[in-house]
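start19.tsv (TSV, C-alpha atoms)
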```
chain	number	residue	atom	x	y	z
A	16	MET	CA	170.39	93.46	124.69
A	17	SER	CA	168.19	90.48	123.87
A	18	THR	CA	165.78	91.43	126.70
A	19	ILE	CA	165.50	95.00	125.43
A	20	LEU	CA	164.73	93.73	121.94
A	21	ASP	CA	162.08	91.37	123.37
A	22	ILE	CA	160.43	94.23	125.28
A	23	LEU	CA	160.58	96.56	122.28
A	24	GLY	CA	159.14	93.90	119.94
A	25	ALA	CA	156.36	93.01	122.39
A	26	SER	CA	155.49	96.69	122.86
A	27	ILE	CA	155.22	97.28	119.12
A	28	ILE	CA	153.04	94.20	118.64
A	29	GLY	CA	150.90	95.23	121.64
A	30	LEU	CA	150.47	98.72	120.21
A	31	VAL	CA	149.48	97.39	116.79
A	32	ILE	CA	146.97	95.00	118.37
A	33	THR	CA	145.49	97.79	120.53
A	34	LEU	CA	145.12	100.03	117.44
A	35	ILE	CA	143.42	97.22	115.50
A	36	ILE	CA	140.96	96.60	118.35
A	37	ILE	CA	140.16	100.34	118.68
A	38	ASN	CA	139.67	100.52	114.90
A	39	LEU	CA	137.35	97.51	114.93
A	40	ASN	CA	135.29	99.09	117.71
A	41	ILE	CA	134.94	102.39	115.84
A	42	TYR	CA	133.96	100.55	112.68
A	43	SER	CA	131.46	98.38	114.53
A	44	ASN	CA	129.78	101.47	116.05
A	45	GLN	CA	129.66	103.15	112.64
A	46	VAL	CA	127.99	100.12	111.06
A	47	LYS	CA	125.44	99.95	113.88
A	48	TYR	CA	124.68	103.66	113.47
A	49	THR	CA	124.32	103.28	109.69
A	50	SER	CA	121.97	100.31	110.10
A	51	ASP	CA	119.83	102.21	112.63
A	52	SER	CA	119.77	105.20	110.33
A	53	ASN	CA	118.69	103.03	107.37
A	54	LEU	CA	115.93	101.49	109.43
A	55	THR	CA	114.64	104.93	110.46
A	56	LEU	CA	114.85	106.10	106.86
A	57	GLN	CA	112.82	103.16	105.59
A	58	GLY	CA	110.28	103.66	108.38
A	59	ASN	CA	109.95	107.33	107.38
A	60	ALA	CA	109.52	106.36	103.72
A	61	LYS	CA	106.72	103.99	104.69
A	62	THR	CA	105.02	106.63	106.86
A	63	LEU	CA	105.19	109.21	104.09
A	64	ALA	CA	103.88	106.69	101.56
A	65	GLU	CA	100.94	105.81	103.81
A	66	ILE	CA	99.98	109.48	104.23
A	67	ILE	CA	100.21	110.14	100.49
A	68	ASP	CA	98.41	106.89	99.61
A	69	TYR	CA	95.53	107.59	102.00
A	70	ASP	CA	95.10	111.17	100.77
A	71	LEU	CA	95.36	110.51	97.05
A	72	ARG	CA	92.77	107.74	97.27
A	73	LYS	CA	90.35	110.24	98.80
A	74	ILE	CA	90.62	112.80	96.00
A	75	GLY	CA	87.10	113.98	95.17
A	76	TYR	CA	85.47	112.07	98.01
A	77	LYS	CA	81.98	113.55	98.51
A	78	TYR	CA	82.81	116.37	96.08
A	79	LYS	CA	80.87	117.04	92.91
A	80	GLY	CA	82.84	118.73	90.16
A	81	VAL	CA	86.48	118.73	89.14
A	82	ALA	CA	88.21	117.76	92.38
A	83	ILE	CA	91.83	118.31	91.40
A	84	GLN	CA	92.72	121.99	91.54
A	85	THR	CA	96.49	121.93	91.13
A	86	ALA	CA	98.46	119.18	89.41
A	87	GLN	CA	102.10	120.16	89.40
A	88	ALA	CA	105.29	118.15	89.67
A	89	ASN	CA	105.85	119.06	93.32
A	90	GLU	CA	102.37	119.99	94.43
A	91	ILE	CA	98.87	118.62	94.23
A	92	SER	CA	95.74	120.17	95.68
A	93	PHE	CA	92.25	118.75	95.56
A	94	TYR	CA	88.85	118.87	97.19
A	95	SER	CA	87.83	116.02	99.45
A	96	ASP	CA	86.00	115.19	102.64
A	97	ILE	CA	89.39	113.92	103.75
A	98	ASP	CA	88.53	113.29	107.40
A	99	SER	CA	84.98	112.04	106.72
A	100	SER	CA	83.61	114.93	108.78
A	101	GLY	CA	80.92	115.74	106.22
A	102	SER	CA	82.71	118.90	105.15
A	103	VAL	CA	84.67	119.13	101.91
A	104	LYS	CA	88.02	120.90	102.23
A	105	LEU	CA	90.87	121.84	99.94
A	106	VAL	CA	93.83	119.54	100.62
A	107	THR	CA	97.33	120.36	99.44
A	108	LEU	CA	100.39	118.13	99.48
A	109	THR	CA	103.66	119.83	98.70
A	110	MET	CA	107.16	120.46	99.97
A	111	SER	CA	109.29	123.41	101.01
A	112	ASP	CA	112.62	124.41	99.55
A	113	SER	CA	115.74	122.98	101.16
A	114	THR	CA	116.38	125.99	103.41
A	115	LYS	CA	113.36	125.36	105.64
A	116	ALA	CA	114.44	122.06	107.23
A	117	THR	CA	116.96	123.51	109.65
A	118	SER	CA	116.81	120.84	112.34
A	119	THR	CA	119.19	118.48	110.55
A	120	SER	CA	122.70	118.83	109.18
A	121	ASN	CA	121.59	117.54	105.77
A	122	PRO	CA	121.36	120.50	103.36
A	123	HIS	CA	119.15	118.60	100.90
A	124	ASP	CA	116.16	117.66	103.06
A	125	ARG	CA	112.89	119.56	102.83
A	126	LEU	CA	109.72	119.91	104.82
A	127	PHE	CA	106.66	117.98	103.72
A	128	TYR	CA	103.62	120.29	103.86
A	129	TYR	CA	100.22	118.81	104.47
A	130	ILE	CA	97.58	121.53	104.25
A	131	ILE	CA	93.91	120.86	104.99
A	132	GLY	CA	91.77	123.98	104.65
A	133	ASN	CA	93.59	126.55	106.76
A	134	ASP	CA	95.55	124.05	108.86
A	135	THR	CA	99.13	123.45	107.82
A	136	SER	CA	101.13	120.54	109.19
A	137	SER	CA	104.74	120.01	108.27
A	138	GLY	CA	107.44	117.47	108.98
A	139	SER	CA	110.87	116.68	107.68
A	140	LEU	CA	111.02	112.85	107.62
A	141	GLY	CA	114.27	113.25	105.65
A	142	MET	CA	112.43	113.92	102.40
A	143	THR	CA	114.69	115.46	99.75
A	144	ASN	CA	112.28	115.37	96.83
A	145	LEU	CA	108.60	114.75	96.19
A	146	LYS	CA	107.39	114.33	92.64
A	147	PHE	CA	103.88	113.77	91.31
A	148	SER	CA	103.23	112.44	87.80
A	149	TYR	CA	99.78	112.38	86.24
A	150	MET	CA	98.51	109.79	83.80
A	151	ASP	CA	95.34	109.20	81.82
A	152	SER	CA	93.31	105.98	81.72
A	153	VAL	CA	95.85	104.10	79.61
A	154	GLY	CA	98.86	105.31	81.54
A	155	ASN	CA	100.06	108.08	79.22
A	156	ALA	CA	101.36	111.24	80.90
A	157	THR	CA	98.83	114.07	80.85
A	158	SER	CA	98.65	117.64	82.09
A	159	VAL	CA	94.91	117.97	81.44
A	160	ILE	CA	93.29	117.82	84.88
A	161	SER	CA	90.04	116.28	83.65
A	162	SER	CA	91.98	113.40	82.01
A	163	ILE	CA	93.89	112.38	85.12
A	164	LYS	CA	93.10	108.82	86.23
A	165	TYR	CA	96.37	107.75	87.84
A	166	ILE	CA	98.67	109.73	90.09
A	167	LYS	CA	102.17	108.52	90.73
A	168	ALA	CA	103.95	109.90	93.79
A	169	GLU	CA	107.70	109.46	94.14
A	170	THR	CA	109.64	110.30	97.28
A	171	TRP	CA	113.36	110.45	97.84
A	172	LEU	CA	114.65	110.44	101.39
A	173	GLU	CA	118.06	110.93	102.96
A	174	SER	CA	119.43	110.43	106.45
A	175	PRO	CA	119.72	113.56	108.64
A	176	ASP	CA	123.48	113.07	109.08
A	177	LYS	CA	126.30	111.85	106.88
A	178	MET	CA	127.19	108.17	107.21
A	179	GLY	CA	130.87	108.15	106.35
A	180	SER	CA	131.30	110.32	103.27
A	181	ASP	CA	127.67	110.45	102.11
A	182	TYR	CA	124.07	110.46	103.26
A	183	GLU	CA	122.05	107.26	103.31
A	184	LYS	CA	119.36	107.37	100.63
A	185	THR	CA	116.12	105.57	99.91
A	186	TYR	CA	113.29	105.85	97.41
A	187	TRP	CA	109.61	104.99	97.38
A	188	GLU	CA	106.99	105.28	94.66
A	189	ILE	CA	103.30	104.70	94.69
A	190	THR	CA	100.67	104.88	91.96
A	191	VAL	CA	97.07	105.52	92.92
A	192	SER	CA	93.91	105.46	90.88
A	193	PRO	CA	91.45	107.57	92.92
A	194	ARG	CA	87.90	106.24	92.64
A	195	ASN	CA	86.19	109.62	92.64
A	196	ILE	CA	87.85	111.25	89.63
B	30	MET	CA	163.09	85.19	122.22
B	31	ASN	CA	163.17	81.40	122.12
B	32	GLY	CA	161.35	79.12	119.70
B	33	VAL	CA	158.30	78.56	121.90
B	34	GLN	CA	157.72	82.30	122.34
B	35	SER	CA	158.00	82.84	118.59
B	36	ILE	CA	155.44	80.15	117.90
B	37	LEU	CA	153.09	81.62	120.52
B	38	THR	CA	153.48	85.11	119.00
B	39	ILE	CA	152.79	83.83	115.48
B	40	GLY	CA	149.81	81.83	116.80
B	41	GLY	CA	148.44	84.97	118.47
B	42	MET	CA	148.80	86.98	115.30
B	43	ILE	CA	147.03	84.30	113.27
B	44	LEU	CA	144.20	84.21	115.82
B	45	LEU	CA	143.87	88.00	115.65
B	46	ALA	CA	143.85	87.89	111.85
B	47	LEU	CA	141.11	85.26	111.88
B	48	ILE	CA	138.98	87.28	114.33
B	49	SER	CA	139.53	90.38	112.19
B	50	MET	CA	138.44	88.58	109.05
B	51	ARG	CA	135.35	87.17	110.76
B	52	PHE	CA	134.46	90.65	112.00
B	53	ASN	CA	134.91	92.15	108.55
B	54	SER	CA	132.71	89.45	107.07
B	55	SER	CA	129.94	90.25	109.61
B	56	VAL	CA	130.17	93.95	108.81
B	57	LEU	CA	129.97	93.21	105.08
B	58	GLN	CA	126.93	90.99	105.68
B	59	SER	CA	125.23	93.75	107.67
B	60	THR	CA	125.93	96.33	104.93
B	61	SER	CA	124.63	93.89	102.33
B	62	SER	CA	121.41	93.39	104.36
B	63	ASP	CA	120.90	97.16	104.54
B	64	LEU	CA	121.24	97.34	100.77
B	65	ASP	CA	118.88	94.39	100.29
B	66	ASN	CA	116.23	96.08	102.44
B	67	LYS	CA	116.33	99.19	100.27
B	68	VAL	CA	115.93	97.17	97.08
B	69	TYR	CA	113.11	95.11	98.64
B	70	LEU	CA	111.34	98.33	99.65
B	71	THR	CA	111.45	99.66	96.09
B	72	SER	CA	110.46	96.24	94.68
B	73	PHE	CA	107.33	96.13	96.82
B	74	SER	CA	106.38	99.65	95.75
B	75	ILE	CA	106.76	98.59	92.09
B	76	ALA	CA	104.61	95.49	92.72
B	77	ASP	CA	101.99	97.70	94.44
B	78	ASN	CA	101.96	100.00	91.42
B	79	MET	CA	101.29	97.07	89.12
B	80	LEU	CA	98.46	95.80	91.32
B	81	GLU	CA	96.97	99.29	91.31
B	82	LYS	CA	96.89	99.22	87.49
B	83	ILE	CA	95.23	95.80	87.51
B	84	ARG	CA	92.76	96.89	90.20
B	85	SER	CA	91.31	99.58	87.93
B	86	LYS	CA	90.35	97.10	85.16
B	87	SER	CA	87.17	95.10	84.67
B	88	PHE	CA	86.96	91.64	86.19
B	89	ASP	CA	86.67	89.89	82.84
B	90	GLN	CA	86.39	90.60	79.12
B	91	THR	CA	82.75	89.50	79.30
B	92	THR	CA	81.96	91.89	82.16
B	93	VAL	CA	83.42	95.06	80.68
B	94	SER	CA	79.94	96.40	79.91
B	95	LEU	CA	77.57	94.04	81.72
B	96	THR	CA	78.03	91.92	84.82
B	97	THR	CA	77.15	88.24	85.00
B	98	THR	CA	75.96	85.73	87.57
B	99	ASN	CA	77.11	82.72	85.59
B	100	PRO	CA	80.81	81.84	86.00
B	101	ALA	CA	80.66	79.66	82.87
B	102	SER	CA	80.30	82.84	80.79
B	103	LEU	CA	83.70	84.10	81.96
B	104	THR	CA	86.93	83.65	79.99
B	105	LEU	CA	88.13	80.04	79.98
B	106	ALA	CA	90.98	79.31	82.38
B	107	ASP	CA	93.23	78.25	79.51
B	108	SER	CA	92.52	81.48	77.65
B	109	LEU	CA	93.51	83.92	80.40
B	110	GLY	CA	95.71	86.59	78.85
B	111	PRO	CA	95.39	89.49	76.44
B	112	ASP	CA	92.63	89.11	73.87
B	113	ASN	CA	93.20	89.52	70.15
B	114	GLY	CA	94.50	92.98	69.36
B	115	GLU	CA	94.93	93.99	73.00
B	116	VAL	CA	98.34	95.42	73.73
B	117	TYR	CA	99.60	96.95	76.98
B	118	PRO	CA	98.74	99.59	78.21
B	119	ASN	CA	95.36	99.21	76.45
B	120	PHE	CA	94.23	96.28	78.57
B	121	ASN	CA	90.61	96.31	79.66
B	122	ASP	CA	90.32	93.43	82.09
B	123	ILE	CA	92.28	91.79	84.87
B	124	ASP	CA	93.35	88.61	83.12
B	125	ASP	CA	94.90	90.54	80.22
B	126	PHE	CA	97.86	90.85	82.58
B	127	ASN	CA	98.37	87.07	82.68
B	128	GLY	CA	101.91	86.44	81.40
B	129	PHE	CA	102.63	90.16	81.14
B	130	GLN	CA	106.30	91.07	81.49
B	131	ASP	CA	107.85	94.47	81.82
B	132	SER	CA	110.91	96.18	83.19
B	133	THR	CA	111.24	99.46	84.95
B	134	THR	CA	113.90	101.60	86.51
B	135	ALA	CA	114.07	103.31	89.87
B	136	PRO	CA	116.63	105.67	91.35
B	137	TYR	CA	119.65	104.21	93.20
B	138	PHE	CA	119.02	100.58	92.15
B	139	GLU	CA	118.28	100.82	88.49
B	140	LEU	CA	116.64	97.83	86.89
B	141	TYR	CA	113.63	95.80	87.97
B	142	TYR	CA	111.82	93.05	86.05
B	143	ILE	CA	108.08	92.57	86.54
B	144	TYR	CA	106.18	89.40	85.79
B	145	CYS	CA	102.41	88.97	86.26
B	146	THR	CA	100.20	85.91	86.44
B	147	VAL	CA	96.42	85.83	86.77
B	148	GLN	CA	94.67	82.58	87.64
B	149	TYR	CA	91.26	81.44	88.80
B	150	VAL	CA	91.20	80.28	92.42
B	151	ASP	CA	88.71	78.24	94.37
B	152	SER	CA	86.01	80.29	96.07
B	153	ASN	CA	86.52	78.51	99.40
B	154	ASN	CA	90.28	78.18	99.23
B	155	PRO	CA	92.04	81.16	97.64
B	156	ASP	CA	95.37	79.32	97.69
B	157	LEU	CA	94.02	76.64	95.38
B	158	VAL	CA	94.48	77.48	91.70
B	159	VAL	CA	91.75	75.88	89.60
B	160	ASN	CA	91.40	75.20	85.91
B	161	TYR	CA	87.78	76.29	85.60
B	162	GLN	CA	85.99	79.66	85.83
B	163	THR	CA	85.15	81.11	89.24
B	164	PHE	CA	84.34	84.59	90.45
B	165	TYR	CA	87.81	84.82	92.01
B	166	LYS	CA	90.96	85.73	90.12
B	167	LYS	CA	94.32	85.84	91.82
B	168	ALA	CA	96.89	88.24	90.39
B	169	THR	CA	100.48	87.60	91.42
B	170	ILE	CA	103.20	90.13	90.69
B	171	THR	CA	106.80	88.97	90.85
B	172	VAL	CA	109.56	91.56	90.86
B	173	SER	CA	113.19	90.61	90.41
B	174	SER	CA	116.35	92.61	90.08
B	175	PRO	CA	120.06	91.88	89.65
B	176	TYR	CA	120.43	93.43	93.11
B	177	LEU	CA	117.89	91.09	94.76
B	178	LYS	CA	118.97	87.73	96.12
B	179	HIS	CA	115.44	86.39	95.68
B	180	PRO	CA	112.52	87.83	93.70
B	181	ILE	CA	109.57	89.15	95.68
B	182	SER	CA	105.92	88.28	95.02
B	183	GLU	CA	102.74	90.06	95.94
B	184	SER	CA	99.24	88.72	95.30
B	185	GLU	CA	95.73	90.07	95.38
B	186	ILE	CA	92.46	88.30	94.81
B	187	PHE	CA	89.85	90.08	92.73
B	188	THR	CA	86.22	89.12	92.79
B	189	LEU	CA	83.10	89.96	90.87
B	190	LYS	CA	80.81	89.21	93.79
```
Can you give me the file's structure in the form of structure tokens?
Amino acid sequence: MSTILDILGASIIGLVITLIIINLNIYSNQVKYTSDSNLTLQGNAKTLAEIIDYDLRKIGYKYKGVAIQTAQANEISFYSDIDSSGSVKLVTLTMSDSTKATSTSNPHDRLFYYIIGNDTSSGSLGMTNLKFSYMDSVGNATSVISSIKYIKAETWLESPDKMGSDYEKTYWEITVSPRNI
Amino acid sequence: MNGVQSILTIGGMILLALISMRFNSSVLQSTSSDLDNKVYLTSFSIADNMLEKIRSKSFDQTTVSLTTTNPASLTLADSLGPDNGEVYPNFNDIDDFNGFQDSTTAPYFELYYIYCTVQYVDSNNPDLVVNYQTFYKKATITVSSPYLKHPISESEIFTLK
């Protein structure tokens, strides 16, 4: 009887220990995946910020006249010799609605549209929102295109897949004072 | 089960509990680092924004309309800061931001505190802060937050030359 109890007790303890180890392994993998996902997300935020920063600084480059054509919350378009080719083109930065980014399981992410002349490039980068704010020379919000001196771009990004119960999120903002406006 | 076996079993369980706790602590540390990185990212973007505002101002109060070749005509080192009647955001030169403090909010990690200093630095050694006028001003933006273990600082040197 004592032997049976010993075996039963040892089996239960063994089972509990095995379950704990399996649980730890699952958790460890989840943490690693979340960290990788965060790193990718922050890399994407930086990439997006660099694109937006480069473009906004070139607003009006080699263009005479009012360079900014559209100044909306989710879209900006302006004239610029953006690629220093000697030819001024209309550049538009905007985003799609959330139904266009179908390559991920995240229902909130959108495509970032980068339109130069007739060429449209797009990418997801996990962007869920893109917002432009326009300010005059002292930093007050303005909707008058000729008064715009600062442009603030804000981006919100989320991971393509859920990490646990929610998506990983990050945010980046950048304010630019283009020299040619 | 004799006494020795019981002690061994209890010892094993304690060992497992210790390993488990150590593992949990590592996981918590990793999660905390992830969170820190996000806050640092936003802090740097806020510091960049501040530098961008400073970048668009004149080098000195005395060079708002006309430039100068004489550093002695620039604002005295002890007088760096907003001039009489100048209130943010109506600053017109770089050193008006000396001692400027502000706070701002950003999504996910709400509150950030911004502190600016502007100092003259030596023309041959930009790390050396000097107490006389030069054509080099160093603006340092420090951003702190309740969610940051340490504040971050970003500097840029502005020159009239």
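Ranking A:Asn53, A:Thr33, A:Thr143, A:Thr62 by their shortest atom-to-atom distance to chain B, with only C-alpha atoms included, puts A:Asn53 first.
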- Message: For a quick test of understanding: name the residues of chain A lying within 10 Å of chain B when counting only C-alpha atoms, and present them as a ChimeraX atom specification.
- Response: /A:17-18,20-22,24-25,28,32,35-36,39,42-43,45-47,49-54,56-57,60-61,64,152-155,164-165,167,169,171,184-194
Output the selection as a short mmCIF file (atom, residue, chain, number, x, y, z; two decimals), in the frame of the given file - C-alpha atoms for each residue.
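Heads up, here's the output in selection09.cif:
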```cif
data_model
loop_
_atom_site.label_atom_id
_atom_site.label_comp_id
_atom_site.auth_asym_id
_atom_site.auth_seq_id
_atom_site.Cartn_x
_atom_site.Cartn_y
_atom_site.Cartn_z
CA SER A 17 168.19 90.48 123.87
CA THR A 18 165.78 91.43 126.70
CA LEU A 20 164.73 93.73 121.94
CA ASP A 21 162.08 91.37 123.37
CA ILE A 22 160.43 94.23 125.28
CA GLY A 24 159.14 93.90 119.94
CA ALA A 25 156.36 93.01 122.39
CA ILE A 28 153.04 94.20 118.64
CA ILE A 32 146.97 95.00 118.37
CA ILE A 35 143.42 97.22 115.50
CA ILE A 36 140.96 96.60 118.35
CA LEU A 39 137.35 97.51 114.93
CA TYR A 42 133.96 100.55 112.68
CA SER A 43 131.46 98.38 114.53
CA GLN A 45 129.66 103.15 112.64
CA VAL A 46 127.99 100.12 111.06
CA LYS A 47 125.44 99.95 113.88
CA THR A 49 124.32 103.28 109.69
CA SER A 50 121.97 100.31 110.10
CA ASP A 51 119.83 102.21 112.63
CA SER A 52 119.77 105.20 110.33
CA ASN A 53 118.69 103.03 107.37
CA LEU A 54 115.93 101.49 109.43
CA LEU A 56 114.85 106.10 106.86
CA GLN A 57 112.82 103.16 105.59
CA ALA A 60 109.52 106.36 103.72
CA LYS A 61 106.72 103.99 104.69
CA ALA A 64 103.88 106.69 101.56
CA SER A 152 93.31 105.98 81.72
CA VAL A 153 95.85 104.10 79.61
CA GLY A 154 98.86 105.31 81.54
CA ASN A 155 100.06 108.08 79.22
CA LYS A 164 93.10 108.82 86.23
CA TYR A 165 96.37 107.75 87.84
CA LYS A 167 102.17 108.52 90.73
CA GLU A 169 107.70 109.46 94.14
CA TRP A 171 113.36 110.45 97.84
CA LYS A 184 119.36 107.37 100.63
CA THR A 185 116.12 105.57 99.91
CA TYR A 186 113.29 105.85 97.41
CA TRP A 187 109.61 104.99 97.38
CA GLU A 188 106.99 105.28 94.66
CA ILE A 189 103.30 104.70 94.69
CA THR A 190 100.67 104.88 91.96
CA VAL A 191 97.07 105.52 92.92
CA SER A 192 93.91 105.46 90.88
CA PRO A 193 91.45 107.57 92.92
CA ARG A 194 87.90 106.24 92.64
#
```
If I wrap all listed atoms of range 50-58 of chain A in a box with edges along x, y and z and add 4 Å on each side, what are its centre and edge lengths in Å to one decimal, as AutoDock Vina command-line options?
```
--center_x 116.1 --center_y 103.2 --center_z 109.1 --size_x 19.7 --size_y 13.8 --size_z 15.0
```
- Gap from CA of Asn89 in chain A to CA of Thr109 in chain A - Å, one decimal: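 Atom-to-atom, CA of Asn89 in chain A to CA of Thr109 in chain A, that is 5.9 Å.
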- Would you work out the distance separating CA of Ser148 in chain A from CA of Ile83 in chain A, expressed in Å to one decimal? 13.3 Å
Mind listing whatever residues come within 9 Å of the point (84.9, 90.5, 92.1)? Use all atoms listed in the file, file coordinates, and give them as a short mmCIF file (atom, residue, chain, number, x, y, z; two decimals) with C-alpha atoms, in the coordinates of the input.
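What follows is the written file part.cif:
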```cif
data_model
loop_
_atom_site.label_atom_id
_atom_site.label_comp_id
_atom_site.auth_asym_id
_atom_site.auth_seq_id
_atom_site.Cartn_x
_atom_site.Cartn_y
_atom_site.Cartn_z
CA PHE B 88 86.96 91.64 86.19
CA PHE B 164 84.34 84.59 90.45
CA TYR B 165 87.81 84.82 92.01
CA LYS B 166 90.96 85.73 90.12
CA ILE B 186 92.46 88.30 94.81
CA PHE B 187 89.85 90.08 92.73
CA THR B 188 86.22 89.12 92.79
CA LEU B 189 83.10 89.96 90.87
CA LYS B 190 80.81 89.21 93.79
#
```
- Using all atoms listed in the file, determine which residues lie at most 9 Å from Ser182 in chain B, disregarding the query and same-chain residues fewer than 4 positions distant; provide the list as a VMD selection string. chain B and resid 73 76 169 to 173
- Item | Coordinates-based distance that separates CA of Ala86 in chain A from CA of Leu172 in chain A (Å, one decimal) |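 Between these atoms lies a distance of 22.0 Å.
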- All residues 9 Å or closer to Asp70 in chain A, only C-alpha atoms, same chain fewer than 3 positions away omitted, as an NGL selection string: :A and (65-67 or 73-74 or 95 or 97 or 106 or 108)
